[in-house]
$ cat entry08.cif   # mmCIF, C-alpha atoms and all ligand atoms
data_structure
loop_
_atom_site.label_atom_id
_atom_site.label_comp_id
_atom_site.auth_asym_id
_atom_site.auth_seq_id
_atom_site.Cartn_x
_atom_site.Cartn_y
_atom_site.Cartn_z
CA MET A 1 -31.91 59.57 0.56
CA GLY A 2 -29.75 59.54 3.71
CA LEU A 3 -26.73 57.29 4.11
CA VAL A 4 -28.48 55.00 6.60
CA GLN A 5 -31.48 54.55 4.30
CA TRP A 6 -29.12 53.85 1.38
CA LEU A 7 -27.26 51.24 3.45
CA LYS A 8 -30.54 49.50 4.26
CA GLY A 9 -31.06 48.86 0.56
CA GLN A 10 -27.66 47.26 0.01
CA PHE A 11 -27.26 43.58 -0.86
CA LEU A 12 -24.42 43.14 1.64
CA CYS A 13 -26.68 44.23 4.52
CA HIS A 14 -29.41 41.85 3.32
CA LEU A 15 -26.86 39.07 3.08
CA VAL A 16 -25.69 39.64 6.66
CA ILE A 17 -29.29 39.77 7.92
CA CYS A 18 -30.36 36.58 6.13
CA TYR A 19 -27.14 34.77 7.06
CA GLY A 20 -27.75 35.65 10.75
CA PHE A 21 -31.38 34.57 10.58
CA PHE A 22 -30.80 31.22 8.87
CA VAL A 23 -27.65 30.19 10.73
CA SER A 24 -29.05 31.18 14.14
CA GLY A 25 -32.25 29.41 13.10
CA LEU A 26 -30.43 26.18 12.35
CA LEU A 27 -28.61 26.39 15.69
CA ILE A 28 -31.93 27.01 17.45
CA ASN A 29 -33.45 24.00 15.63
CA LEU A 30 -30.51 21.94 16.85
CA LEU A 31 -31.02 23.12 20.44
CA GLN A 32 -34.71 22.27 20.09
CA ILE A 33 -33.81 18.73 19.05
CA CYS A 34 -31.63 18.54 22.18
CA THR A 35 -34.76 19.18 24.31
CA LEU A 36 -36.38 15.97 23.00
CA PRO A 37 -35.06 13.71 25.81
CA LEU A 38 -36.44 16.21 28.33
CA TRP A 39 -40.08 15.90 27.13
CA PRO A 40 -40.88 12.57 28.83
CA ILE A 41 -39.11 13.65 32.04
CA ASN A 42 -40.29 17.25 32.45
CA LYS A 43 -42.65 18.27 29.66
CA GLN A 44 -43.43 21.70 31.08
CA LEU A 45 -39.75 22.62 31.36
CA ALA A 46 -39.13 21.41 27.79
CA ARG A 47 -42.02 23.60 26.61
CA ARG A 48 -40.71 26.65 28.48
CA ILE A 49 -37.23 26.18 27.01
CA ASN A 50 -38.76 25.87 23.53
CA CYS A 51 -40.69 29.11 24.08
CA LYS A 52 -37.42 30.92 24.85
CA LEU A 53 -35.73 29.36 21.81
CA GLY A 54 -38.72 30.25 19.65
CA TYR A 55 -38.55 33.81 20.95
CA SER A 56 -34.88 34.03 20.04
CA LEU A 57 -35.68 33.27 16.39
CA THR A 58 -39.07 34.90 15.88
CA SER A 59 -38.01 38.13 17.59
CA GLN A 60 -35.33 38.63 14.95
CA SER A 61 -38.00 39.25 12.34
CA VAL A 62 -39.79 41.50 14.83
CA ALA A 63 -36.54 43.45 15.36
CA LEU A 64 -36.28 43.80 11.59
CA LEU A 65 -39.75 45.34 11.45
CA GLU A 66 -39.50 47.47 14.59
CA TRP A 67 -35.86 48.62 14.57
CA TRP A 68 -34.66 48.21 10.98
CA SER A 69 -37.73 49.45 9.12
CA GLY A 70 -39.00 51.55 12.07
CA THR A 71 -42.58 50.34 11.57
CA GLU A 72 -44.85 50.98 14.58
CA VAL A 73 -48.26 49.34 14.87
CA THR A 74 -50.87 51.73 16.24
CA LEU A 75 -53.40 49.92 18.38
CA TYR A 76 -57.06 50.94 18.63
CA THR A 77 -58.59 49.32 21.65
CA ASP A 78 -60.56 49.74 24.85
CA PRO A 79 -58.13 50.83 27.66
CA GLU A 80 -59.83 48.42 30.11
CA ASN A 81 -59.08 45.46 27.86
CA TYR A 82 -55.55 46.70 27.24
CA GLN A 83 -54.69 45.76 30.84
CA LEU A 84 -55.54 42.11 30.09
CA TYR A 85 -53.42 41.67 26.94
CA GLY A 86 -50.55 39.28 27.62
CA LYS A 87 -52.03 38.13 30.93
CA GLU A 88 -54.45 35.54 29.53
CA ASN A 89 -54.72 32.99 26.74
CA ALA A 90 -56.64 34.16 23.69
CA ILE A 91 -57.81 33.12 20.23
CA VAL A 92 -56.90 35.84 17.75
CA VAL A 93 -59.10 36.27 14.68
CA LEU A 94 -57.29 38.37 12.09
CA ASN A 95 -57.99 39.38 8.49
CA HIS A 96 -55.52 37.98 5.95
CA ASN A 97 -54.89 40.66 3.35
CA PHE A 98 -51.23 41.65 3.64
CA GLU A 99 -47.90 39.96 3.08
CA ILE A 100 -46.66 41.12 6.48
CA ASP A 101 -49.83 40.63 8.53
CA PHE A 102 -48.14 37.88 10.57
CA LEU A 103 -45.21 40.23 11.32
CA CYS A 104 -47.55 42.96 12.55
CA GLY A 105 -49.21 40.32 14.72
CA TRP A 106 -45.83 39.29 16.08
CA THR A 107 -44.88 42.86 17.14
CA PHE A 108 -48.16 42.99 19.02
CA CYS A 109 -47.22 39.64 20.66
CA GLU A 110 -43.72 40.92 21.46
CA ARG A 111 -44.99 44.06 23.16
CA PHE A 112 -47.34 42.05 25.38
CA GLY A 113 -44.74 39.36 26.18
CA VAL A 114 -46.37 36.36 24.45
CA LEU A 115 -44.18 36.11 21.37
CA GLY A 116 -42.32 32.90 22.30
CA ALA A 117 -45.56 31.03 22.96
CA SER A 118 -47.64 32.47 20.10
CA LYS A 119 -49.32 29.86 17.91
CA CYS A 120 -51.45 29.64 14.82
CA LEU A 121 -53.59 27.33 12.77
CA ALA A 122 -51.49 26.99 9.64
CA LYS A 123 -51.56 25.01 6.44
CA LYS A 124 -49.45 21.84 6.60
CA GLU A 125 -47.04 23.03 3.89
CA LEU A 126 -45.66 25.69 6.27
CA SER A 127 -44.41 22.98 8.65
CA TYR A 128 -41.85 21.96 5.99
CA LEU A 129 -40.32 25.46 5.75
CA PRO A 130 -36.67 25.15 6.78
CA VAL A 131 -35.87 26.77 10.13
CA ILE A 132 -39.19 28.45 10.84
CA GLY A 133 -41.42 25.45 10.11
CA TRP A 134 -39.15 23.13 12.05
CA MET A 135 -39.19 25.54 14.99
CA TRP A 136 -43.01 25.62 14.94
CA TYR A 137 -43.13 21.85 15.31
CA PHE A 138 -41.53 22.20 18.76
CA LEU A 139 -43.81 25.12 19.64
CA GLU A 140 -46.85 22.90 19.11
CA MET A 141 -48.34 24.89 16.27
CA VAL A 142 -51.47 23.35 14.79
CA PHE A 143 -51.10 22.30 11.15
CA ILE A 144 -53.92 21.28 8.85
CA LYS A 145 -54.29 19.98 5.30
CA ARG A 146 -57.59 21.86 4.96
CA LYS A 147 -59.44 18.58 4.32
CA TRP A 148 -61.71 18.23 7.29
CA GLU A 149 -62.04 14.45 7.34
CA GLU A 150 -58.24 14.07 7.38
CA ASP A 151 -57.61 16.93 9.79
CA LYS A 152 -60.32 16.32 12.38
CA SER A 153 -58.59 14.04 14.90
CA ASN A 154 -55.15 15.66 14.73
CA PHE A 155 -56.67 19.15 14.98
CA VAL A 156 -58.69 18.28 18.08
CA GLN A 157 -55.74 16.48 19.71
CA SER A 158 -53.37 19.41 19.04
CA LEU A 159 -55.84 21.81 20.65
CA GLN A 160 -56.36 19.50 23.64
CA ASN A 161 -52.57 19.42 24.12
CA LEU A 162 -52.62 23.17 24.67
CA ARG A 163 -54.90 22.86 27.71
CA ASP A 164 -51.96 22.60 30.11
CA TYR A 165 -49.56 24.90 28.24
CA PRO A 166 -47.28 26.50 30.83
CA GLU A 167 -47.09 30.00 29.28
CA ASN A 168 -49.77 32.45 28.19
CA PHE A 169 -50.35 32.03 24.46
CA TRP A 170 -52.29 33.64 21.64
CA PHE A 171 -53.66 31.30 19.02
CA LEU A 172 -54.01 32.95 15.61
CA LEU A 173 -56.81 31.88 13.31
CA HIS A 174 -57.25 33.33 9.82
CA CYS A 175 -60.86 32.21 9.43
CA GLU A 176 -60.87 33.24 5.77
CA GLY A 177 -58.48 30.30 5.28
CA THR A 178 -56.38 31.99 2.60
CA ARG A 179 -55.02 35.42 1.70
CA PHE A 180 -57.47 37.85 0.07
CA THR A 181 -57.36 38.22 -3.71
CA GLU A 182 -60.04 39.64 -6.01
CA GLU A 183 -60.60 36.22 -7.62
CA LYS A 184 -60.97 34.40 -4.29
CA HIS A 185 -63.30 37.17 -3.16
CA ARG A 186 -65.52 36.71 -6.20
CA VAL A 187 -65.76 32.94 -5.63
CA SER A 188 -66.44 33.27 -1.92
CA MET A 189 -69.18 35.86 -2.53
CA GLU A 190 -70.87 33.35 -4.84
CA VAL A 191 -70.86 30.95 -1.86
CA ALA A 192 -72.27 33.75 0.33
CA GLU A 193 -75.06 34.30 -2.18
CA LYS A 194 -75.92 30.60 -2.28
CA LYS A 195 -76.06 30.56 1.52
CA SER A 196 -78.14 33.78 1.58
CA LEU A 197 -75.47 35.52 3.62
CA PRO A 198 -74.79 39.26 3.27
CA LYS A 199 -71.90 40.04 0.92
CA LEU A 200 -68.59 41.25 2.33
CA LYS A 201 -66.51 43.87 0.57
CA HIS A 202 -63.14 43.62 2.34
CA HIS A 203 -63.10 40.00 3.54
CA LEU A 204 -63.58 36.53 2.15
CA LEU A 205 -66.44 34.54 3.62
CA PRO A 206 -65.09 32.99 6.84
CA ARG A 207 -64.78 29.21 7.11
CA THR A 208 -66.51 28.45 10.34
CA LYS A 209 -65.59 24.86 11.23
CA GLY A 210 -62.04 25.59 12.43
CA PHE A 211 -63.22 28.46 14.62
CA TRP A 212 -65.98 26.40 16.23
CA VAL A 213 -63.68 23.46 16.94
CA ALA A 214 -61.00 25.77 18.39
CA VAL A 215 -63.49 27.56 20.65
CA GLN A 216 -65.03 24.28 21.86
CA ASN A 217 -61.68 22.63 22.60
CA LEU A 218 -60.14 25.65 24.26
CA ARG A 219 -63.06 26.49 26.55
CA GLY A 220 -61.69 26.82 30.07
CA THR A 221 -58.18 27.38 28.68
CA VAL A 222 -58.66 30.52 26.66
CA ALA A 223 -60.34 33.55 28.22
CA ALA A 224 -61.34 35.50 25.14
CA VAL A 225 -61.38 35.95 21.40
CA TYR A 226 -59.44 38.99 20.21
CA CYS A 227 -61.16 40.21 17.09
CA CYS A 228 -58.31 41.95 15.23
CA THR A 229 -58.73 44.09 12.14
CA LEU A 230 -55.55 45.26 10.40
CA ASN A 231 -55.11 47.89 7.76
CA PHE A 232 -52.42 50.27 6.52
CA ARG A 233 -52.58 54.04 6.18
CA ASN A 234 -52.44 55.69 2.75
CA ASN A 235 -53.35 52.43 0.97
CA GLU A 236 -49.84 51.11 1.59
CA THR A 237 -49.15 47.64 0.17
CA PRO A 238 -46.43 46.39 2.52
CA THR A 239 -44.04 43.61 1.54
CA LEU A 240 -41.31 41.63 3.32
CA TRP A 241 -38.92 42.89 0.66
CA GLY A 242 -39.82 46.47 1.65
CA VAL A 243 -39.20 45.68 5.32
CA LEU A 244 -35.80 44.20 4.47
CA ASN A 245 -35.03 47.39 2.53
CA GLY A 246 -35.84 49.43 5.63
CA GLU A 247 -39.12 50.85 4.35
CA LYS A 248 -41.33 52.21 7.11
CA TYR A 249 -45.01 51.26 7.03
CA HIS A 250 -47.98 52.56 9.00
CA PRO A 251 -50.20 49.72 10.24
CA ASP A 252 -53.33 50.29 12.32
CA LEU A 253 -54.75 47.39 14.32
CA TYR A 254 -58.21 47.45 15.88
CA VAL A 255 -58.59 44.91 18.70
CA ARG A 256 -61.86 44.01 20.39
CA ARG A 257 -61.86 41.58 23.31
CA ILE A 258 -64.82 39.20 23.35
CA PRO A 259 -65.15 36.90 26.39
CA LEU A 260 -65.26 33.27 25.32
CA GLU A 261 -68.38 32.57 27.43
CA SER A 262 -70.38 34.86 25.15
CA ILE A 263 -69.73 32.66 22.09
CA PRO A 264 -72.45 30.06 21.41
CA GLU A 265 -71.58 26.39 21.96
CA ASP A 266 -73.86 24.98 19.29
CA GLU A 267 -72.09 24.65 15.90
CA ALA A 268 -74.78 26.34 13.80
CA GLU A 269 -75.15 29.21 16.26
CA CYS A 270 -71.39 29.61 16.51
CA SER A 271 -71.12 29.75 12.70
CA ALA A 272 -73.84 32.39 12.53
CA TRP A 273 -72.03 34.32 15.26
CA LEU A 274 -68.77 34.24 13.25
CA HIS A 275 -70.51 35.39 10.09
CA LYS A 276 -71.95 38.32 12.04
CA LEU A 277 -68.47 39.12 13.41
CA TYR A 278 -67.10 39.27 9.87
CA GLN A 279 -69.95 41.55 8.81
CA GLU A 280 -68.93 43.90 11.64
CA LYS A 281 -65.25 43.65 10.70
CA ASP A 282 -66.21 44.49 7.13
CA LYS A 283 -67.99 47.62 8.33
CA PHE A 284 -64.88 48.68 10.31
CA GLN A 285 -62.75 48.24 7.19
CA GLU A 286 -65.23 50.21 5.11
CA ASP A 287 -65.23 53.05 7.68
CA TYR A 288 -61.40 52.90 7.75
CA SER A 289 -61.26 53.31 4.00
CA GLN A 290 -63.46 56.44 4.34
CA THR A 291 -61.98 58.01 7.47
CA GLY A 292 -58.49 56.52 7.83
CA CYS A 293 -59.09 55.37 11.40
CA PHE A 294 -60.77 52.67 13.47
CA PRO A 295 -63.14 53.36 16.38
CA GLY A 296 -61.88 53.77 19.92
CA PRO A 297 -58.87 55.34 21.58
CA LYS A 298 -55.42 54.90 20.07
CA VAL A 299 -52.33 53.66 21.84
CA THR A 300 -48.85 52.56 20.76
CA PRO A 301 -47.62 49.93 23.22
CA PRO A 302 -43.98 50.68 24.10
CA ARG A 303 -41.24 48.99 22.10
CA ARG A 304 -39.11 46.67 24.28
CA PRO A 305 -35.34 46.36 23.80
CA TRP A 306 -35.13 42.53 23.99
CA ALA A 307 -35.75 41.80 20.32
CA LEU A 308 -32.97 44.21 19.35
CA ILE A 309 -30.52 42.91 21.99
CA ASN A 310 -31.17 39.31 20.90
CA TRP A 311 -30.70 40.25 17.22
CA LEU A 312 -27.46 42.15 17.80
CA GLY A 313 -26.19 39.31 20.00
CA TRP A 314 -26.75 36.69 17.28
CA THR A 315 -25.33 38.97 14.58
CA CYS A 316 -22.09 39.60 16.52
CA LEU A 317 -21.76 35.94 17.44
CA LEU A 318 -22.21 34.74 13.88
CA LEU A 319 -20.31 37.48 12.07
CA TYR A 320 -17.16 36.65 13.99
CA PRO A 321 -16.65 33.15 12.44
CA LEU A 322 -17.69 34.51 9.04
CA CYS A 323 -15.01 37.21 9.22
CA LEU A 324 -12.44 34.61 10.33
CA LEU A 325 -13.40 32.49 7.34
CA LEU A 326 -12.95 35.45 4.96
CA VAL A 327 -9.56 36.29 6.47
CA GLN A 328 -8.49 32.67 6.07
CA LEU A 329 -9.71 32.75 2.50
CA VAL A 330 -7.61 35.81 1.67
CA ASN A 331 -4.61 34.33 3.50
CA SER A 332 -4.94 31.05 1.61
CA GLY A 333 -3.68 32.98 -1.41
CA SER A 334 -5.69 30.81 -3.78
CA ILE A 335 -6.73 33.26 -6.50
CA LEU A 336 -9.24 30.74 -7.84
CA THR A 337 -11.07 30.40 -4.48
CA ILE A 338 -11.05 34.18 -3.93
CA MET A 339 -12.40 34.83 -7.44
CA ALA A 340 -15.06 32.14 -7.03
CA THR A 341 -16.20 33.78 -3.75
CA VAL A 342 -16.29 37.28 -5.31
CA ALA A 343 -18.19 35.94 -8.32
CA PHE A 344 -20.69 34.19 -6.04
CA CYS A 345 -21.33 37.40 -4.05
CA ALA A 346 -21.57 39.52 -7.22
CA ALA A 347 -24.06 37.06 -8.75
CA GLY A 348 -26.07 37.20 -5.52
CA GLY A 349 -26.00 41.00 -5.61
CA CYS A 350 -27.23 41.11 -9.24
CA TYR A 351 -29.96 38.59 -8.52
CA TRP A 352 -31.05 40.58 -5.45
CA ASN A 353 -31.33 43.80 -7.44
CA ILE A 354 -33.38 42.35 -10.31
C1 LIG B 1 -52.81 40.52 15.99
C2 LIG B 1 -52.30 39.47 16.88
C3 LIG B 1 -51.70 38.35 16.15
C4 LIG B 1 -51.27 37.31 17.07
C5 LIG B 1 -50.42 36.38 16.34
C6 LIG B 1 -50.25 35.16 17.08
C7 LIG B 1 -49.59 34.17 16.61
C8 LIG B 1 -48.92 34.21 15.30
C9 LIG B 1 -48.19 32.96 15.04
C10 LIG B 1 -47.65 32.70 13.91
C11 LIG B 1 -47.81 33.54 12.72
C12 LIG B 1 -47.59 32.75 11.52
C13 LIG B 1 -48.61 33.06 10.53
C14 LIG B 1 -48.84 31.93 9.61
C15 LIG B 1 -50.15 32.12 8.91
C16 LIG B 1 -50.65 30.87 8.31
C17 LIG B 1 -51.89 31.16 7.55
C18 LIG B 1 -52.50 29.95 6.98
O1 LIG B 1 -51.92 28.92 6.82
S1 LIG B 1 -54.14 30.13 6.57
C19 LIG B 1 -54.61 28.50 6.12
C20 LIG B 1 -54.92 27.61 7.25
N1 LIG B 1 -55.98 28.07 8.08
C21 LIG B 1 -57.28 27.83 7.81
O2 LIG B 1 -57.66 27.28 6.80
C22 LIG B 1 -58.27 28.29 8.82
C23 LIG B 1 -59.64 28.54 8.25
N2 LIG B 1 -60.29 27.34 7.78
C24 LIG B 1 -61.09 26.58 8.55
O3 LIG B 1 -61.22 26.89 9.71
C25 LIG B 1 -61.80 25.40 7.94
O4 LIG B 1 -63.03 25.31 8.55
C26 LIG B 1 -61.05 24.07 8.04
C27 LIG B 1 -60.79 23.71 9.47
C28 LIG B 1 -59.74 24.15 7.27
C29 LIG B 1 -61.91 22.96 7.39
O5 LIG B 1 -62.21 23.34 6.08
P1 LIG B 1 -63.16 22.52 5.14
O6 LIG B 1 -63.28 23.24 3.85
O7 LIG B 1 -62.69 21.11 5.07
O8 LIG B 1 -64.53 22.49 5.93
P2 LIG B 1 -65.52 23.68 6.20
O9 LIG B 1 -66.72 23.10 6.86
O10 LIG B 1 -64.91 24.77 6.91
O11 LIG B 1 -65.88 24.20 4.77
C30 LIG B 1 -66.89 23.62 3.97
C31 LIG B 1 -67.91 24.69 3.80
O12 LIG B 1 -67.27 25.81 3.17
C32 LIG B 1 -68.11 26.26 2.12
N3 LIG B 1 -67.29 26.87 1.11
C33 LIG B 1 -66.90 26.39 -0.05
N4 LIG B 1 -66.14 27.29 -0.68
C34 LIG B 1 -66.03 28.34 0.12
C35 LIG B 1 -65.40 29.58 0.01
N5 LIG B 1 -64.67 29.91 -1.05
N6 LIG B 1 -65.51 30.44 1.03
C36 LIG B 1 -66.21 30.13 2.13
N7 LIG B 1 -66.86 28.96 2.28
C37 LIG B 1 -66.77 28.09 1.27
C38 LIG B 1 -68.79 25.02 1.65
O13 LIG B 1 -70.00 25.39 1.03
C39 LIG B 1 -69.05 24.27 2.93
O14 LIG B 1 -70.18 24.82 3.54
P3 LIG B 1 -71.25 23.89 4.33
O15 LIG B 1 -70.50 23.24 5.47
O16 LIG B 1 -72.29 24.85 4.81
O17 LIG B 1 -71.72 22.92 3.33
C1 LIG B 2 -33.86 38.99 10.75
C2 LIG B 2 -34.92 38.58 9.81
C3 LIG B 2 -34.38 37.91 8.60
C4 LIG B 2 -35.21 38.11 7.39
C5 LIG B 2 -36.04 36.97 7.03
C6 LIG B 2 -37.45 37.23 7.41
C7 LIG B 2 -38.16 35.96 7.55
C8 LIG B 2 -39.45 36.18 8.24
C9 LIG B 2 -39.94 34.93 8.87
C10 LIG B 2 -40.71 34.07 7.95
C11 LIG B 2 -41.95 33.58 8.60
C12 LIG B 2 -42.75 32.86 7.63
C13 LIG B 2 -44.16 32.96 8.02
C14 LIG B 2 -44.94 32.50 6.88
C15 LIG B 2 -46.31 33.00 6.97
C16 LIG B 2 -46.86 32.91 5.61
C17 LIG B 2 -48.31 33.11 5.61
C18 LIG B 2 -48.88 32.21 4.63
O1 LIG B 2 -48.27 31.52 3.86
O2 LIG B 2 -50.16 32.12 4.68
C19 LIG B 2 -50.70 31.10 3.87
C20 LIG B 2 -52.11 31.39 3.66
O3 LIG B 2 -52.23 32.61 3.03
C21 LIG B 2 -52.80 30.32 2.83
O4 LIG B 2 -52.18 30.26 1.63
P1 LIG B 2 -52.91 29.60 0.33
O5 LIG B 2 -52.25 28.27 0.12
O6 LIG B 2 -54.35 29.49 0.62
O7 LIG B 2 -52.61 30.55 -0.78
#

$ encode --input "entry08.cif" --output "C-alpha cells" --more "lines below"
Ligand SMILES: CCCCC/C=C\C/C=C\CCCCCCCC(=O)SCCNC(=O)CCNC(=O)[C@H](O)C(C)(C)COP(=O)(O)OP(=O)(O)OC[C@H]1O[C@@H](n2cnc3c(N)ncnc32)[C@H](O)[C@@H]1OP(=O)(O)O
Ligand SMILES: CCCCCCCCCCCCCCCCCC(=O)OC[C@@H](O)COP(=O)(O)O
Amino acid sequence: MGLVQWLKGQFLCHLVICYGFFVSGLLINLLQICTLPLWPINKQLARRINCKLGYSLTSQSVALLEWWSGTEVTLYTDPENYQLYGKENAIVVLNHNFEIDFLCGWTFCERFGVLGASKCLAKKELSYLPVIGWMWYFLEMVFIKRKWEEDKSNFVQSLQNLRDYPENFWFLLHCEGTRFTEEKHRVSMEVAEKKSLPKLKHHLLPRTKGFWVAVQNLRGTVAAVYCCTLNFRNNETPTLWGVLNGEKYHPDLYVRRIPLESIPEDEAECSAWLHKLYQEKDKFQEDYSQTGCFPGPKVTPPRRPWALINWLGWTCLLLYPLCLLLVQLVNSGSILTIMATVAFCAAGGCYWNI
C-alpha cells in the first residue's frame, strides 16, 4: 500500500474531512436562512443563490468520490442524447441497490452542471438530517411520508412550485420506494404475482403512483425521463465508508432518454408503461451480470475542477481557525485540557477503527 493510500485510511484525515463538511454545512445553512427575507422580494434570485449554496455543500461529497477515492462513473448512452444532458429539465428514474447510488448520481449531475439544482422525491425522515436535510428544505426537495392520503396535496403543490424554477434541474425518483434487499424483493414479487405482473430479478416492483403524479404535474416543465440503470463492475459492493477510505469503485450507468410526450397521461396506462420500463431495466441488469456491460457506446464525461476547488477552499478556510484553537490550547498550559483533548481524539480514533 502506498503512502497516499495509507493516509486516506487514517482517522485524522477522516476527522478533517468530516469537520470541514459539517462546519461548512452549518455555515451554508446559516447563509440559506439569511436568504429568507429575499424570497418575497425576489424569489428567483433567492432560488439561484440557494442553488449555489447547495452546490457548495453537495459538491464536497462529489469531490470526495471523484478526487479522493478516484471513482469515475462510465456512462453508456446515445451520443445524440448526450448533447441534451444538462440543457433541459428531466425526471430521473434510478434503481436503488447501492449505498452510494445517490453519490454516483451526483457526479453525473456535477459533470452536466445541474448539481446545485438537483432534486429528489425523498422520505420525510431525510429532511430532519442535520446540515444536508436542512439544506434540501431550501432547495425545494419533495418530501413524502409514503402515505398517499397524507402526502397527496403537499406532493402536488411541491411539484407545481417547480414549474417556474429558474435553473435546469433533474428530479430523482426511486420508483421502487426503498433500497433493494432480498426480503423486500421476496415480498414485492408476491405482490407482482397477485397482480399477474412478470417477476423481476434485480428490482423491486415499482410503485407507480409517485411517478404518474410527477409526470402529470411536470408536463411542460420537464422535457424527458432519463431511465438510469446503475451497476458496479466485478460485483463490487460500494460503501460510503469505503469512499471515505479512498477506495476506488467502478460504476457503470446506462442512461436512456425518453421524451415526456411519449408517456401515457392516463394513470392505468402510465402504471403499465412504468412496469414495462422496469421489465426492460431488469433485462439490462441481467445482461450486465452476464457480460459486464450495458448496451450502447461508452463515454466518461470530463471531470470538472470546481468541486475540488470548492472543497480545498472550505478546508483551508476552516482548518485555519482549528489550528489557531489547537495552538491556543497548547499555549494555555492546562495539562488537564490538553489531556482531555488527546483522550477525546484517541477515543474517536479507536471508535473509527472498530
Ligand atoms: C443518475 C442521475 C441521478 C440524478 C440525481 C438527481 C438528484 C439527486 C438528489 C438528491 C439525492 C439524494 C438521494 C436521496 C434518496 C432518497 C430515497 C428515498 O427516500 S426513497 C423513498 C421515497 N420515495 C418513494 O417512495 C418513491 C416511490 N414511491 C411512490 O412513488 C409511491 O407511489 C408513493 C407516492 C410513496 C405512494 O405510495 P403508497 O403506497 O401510498 O401508494 P401506491 O399507490 O404507490 O401503492 C399502493 C399499491 O402498492 C401495492 N403494493 C403493496 N406492497 C407493495 C410492494 N412491496 N411493492 C410494490 N407494490 C406494492 C399495493 O398493492 C397497492 O397497489 P394498488 O394501488 O394496485 O392497489
Ligand atoms: C466531504 C464529504 C464529507 C463526508 C460525509 C459524506 C456525507 C455524504 C452526504 C450525505 C447525503 C445523505 C444522502 C442520504 C441519502 C440516503 C438514501 C436513503 O436513505 O434512502 C432511503 C431509502 O432507501 C428508503 O429507505 P427505507 O426507509 O425504505 O429503508

$ atom_distance --input "entry08.cif" --atom1 "atom CA of A:Trp68" --atom2 "atom CA of A:Glu236"
18.1 Å

$ residues_near_point --input "entry08.cif" --point "(-49.1, 48.3, 13.8)" --cutoff "9 Å" --atoms "all atoms listed in the file" --output "PyMOL selection string"
chain A and resi 71-75+104-105+107-108+230-232+249-253+300

$ residues_near_ligand --input "entry08.cif" --ligand "ligand LIG 1 (chain B)" --cutoff "6 Å" --atoms "all atoms listed in the file" --output "number ranges by chain"
A: 92, 102, 105-106, 108-109, 118-123, 146-148, 170-178, 187-188, 191, 205-211, 228

$ residues_around --input "entry08.cif" --residues "stretch 289-298 of chain A" --least-positions-apart "4" --cutoff "7 Å" --atoms "all atoms listed in the file" --output "compact mmCIF listing (two decimals) with C-alpha atoms, keeping the file's coordinate frame"
# COMPACT_ATOMS: atom_id res chain seq x y z
CA THR A 74 -50.87 51.73 16.24
CA LEU A 75 -53.40 49.92 18.38
CA TYR A 76 -57.06 50.94 18.63
CA THR A 77 -58.59 49.32 21.65
CA ASP A 78 -60.56 49.74 24.85
CA ARG A 233 -52.58 54.04 6.18
CA TYR A 254 -58.21 47.45 15.88
CA PHE A 284 -64.88 48.68 10.31
CA GLN A 285 -62.75 48.24 7.19

$ closest_atom_pairs --input "entry08.cif" --of "chain A" --to "ligand LIG 2 (chain B)" --cutoff "6 Å" --atoms "only C-alpha atoms and all ligand atoms" --output "tab-separated table"
residue	atom	partner	partner_atom	distance
A:Ile17	CA	B:LIG2	C1	5.4
A:Cys18	CA	B:LIG2	C3	4.9
A:Phe21	CA	B:LIG2	C3	4.9
A:Gln60	CA	B:LIG2	C1	4.5
A:Ser61	CA	B:LIG2	C2	4.0
A:Leu64	CA	B:LIG2	C1	5.4
A:Thr178	CA	B:LIG2	O6	3.8
A:Arg179	CA	B:LIG2	O3	4.2

$ closest_residue --input "entry08.cif" --among "A:Trp212, A:Phe169, A:Tyr278, A:Phe180" --to "A:Pro198" --atoms "only C-alpha atoms"
A:Tyr278

$ closest_residue --input "entry08.cif" --among "A:Ile91, A:Glu66, A:Val114, A:Gln44" --to "A:Pro302" --atoms "all atoms listed in the file"
A:Glu66

$ closest_residue --input "entry08.cif" --among "A:Asn50, A:Asn89, A:Gln157, A:Thr229" --to "A:Ile33" --atoms "only C-alpha atoms"
A:Asn50

$ residues_around --input "entry08.cif" --residues "A:Gly2" --least-positions-apart "6" --cutoff "12 Å" --atoms "only C-alpha atoms" --output "PyMOL selection string"
chain A and resi 8-9+246
